[in-house]
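**Q** Got a structure for you, written out below as structure tokens; questions coming shortly.
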Amino acid sequence: MTPPPPDDRPADRPARPGLRAVSLPEDADDAPRHFRTAEVDGEEIPNPKRRRRRRNKAKAKAAAAQGAAIATAEDVGPARLRPRHWGALAGFVLLVLLPFVATTTYLYTRAADQYHSEVAFSIRSEEEGNAAAGLLGALTSIGKGTASDTDILFEYIRSQEIVQAIDAKLDLRAIWNRAGTSWQTGDPAFTLGDDPSIEALHRQWLRMVEVAYDSSGGIINVTAHAFDPEEARAITREILAESSALVNQLSDQSREDAVRFARDELDEAEAHLREVRQELADFRREHNIVDPTSDVASQSGLLNALNQELAQALVERDVLLSYATDGDQRVLQANRRIAAITDRIEAERRTLGVTGVTGSLPEVIGRYEELHVNLEFANTAYTQALAAVSAARAEARRQSRYLAPHIQPTLASVSLYPRRPLIAGLTGLFLLLGWGTLMLIYYNVRDNR
């Protein structure tokens, strides 16, 4: 340790009061704290030389650590490519670069140009309510199945049945195997190929014919692709024709069902009417009467007439008693007349009925009224069923549902398909994502060993 500097104070300069120098031993760093401090006016303060020594030691340690790091870097040497790096690079070339180049080359050199034709249509319905037919007419009226018909038509355009129908007219196999130019004749990716089966043709149909359905507006949009613009438009025209034929078939079937249902209802109403009339005829033959209510009404008139006669006889007797005695012959005759009328009224009341009618008269009247009400209902039902048949036949004579094309089949002037930049970009993206996933899996397995 460096000794403290000598005291250069002049001899005649007095020492500062209260300041006393403290000498430190050679191993000052290991000395107790009171040897590394100075005392001023009775208080200990840190020694400034100790601060400088600590600062110098920190600088020496930092220089030593920097020298060690430089020596370690010199021992490691420059980075080199290892086998795993070459494997990752080879995988990138084989799994990403070569497939991407092959796909792009095929799209721009071998893929045939495709032209598209578009058509859009919907189903319209003109149904009218049949108020004249009454309840049965409302039940037998043709239903409004526009949304359901659109769903059926959407599935029909994507079905194998329409493929067979259009192939019989246009020869779809030849259309989708006919590439645009001579250098595109070997396009196995977008052409149909040599498979003659209807399943292969249906798969090609689902690839080359796009069907979009707007359920909110009930509009179907169809886009057909072909290697010739005229052939693409021919396909959309046939789709429109087949769709219209299907809608007409559904409409005809609906009208036939409505007419048949109305006829069945009419037959049932007519049979019921005949049955009720037969029951009423049997009732009349059984009781030997046409209308028991009219006979009862006539007997009620007889009782009313007897009551009037009784009242008149009573009045006449009272008049006679006003000036004659009870033994008078006229009074006695009036009494006999009153008694006879009273007896007749009682007899009529006891035997109120219709001559030749078997059973109780109230039961007979009740049965007759029941049959009469049934007859009225049967007549009303028959009238309504007849009106429903007439309305269904009138409805069947007009086209209630029809196909309304909003966009007629279009003719393309330039080729927009296949979308080469989009297909190439998506191919490169998915290849790169697949290669990156494989690399992550490899390094994860390697680090966990």
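Following the order of the structure tokens, chains are lettered A, B, ..., residues in each are numbered from 1, and ligands are numbered from 1.
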With DSSP run on the backbone, what are the helix (DSSP H, G or I) residues within region 314-396 of chain A? I'd like them as a ChimeraX atom specification.

**A** /A:314-321,329-350,361-396

**Q** Determine the nearest neighbour of Leu403 (chain A) from the options A:Leu306, A:Leu332, A:Ala388, A:Leu240, counting only C-alpha atoms.

**A** A:Leu240
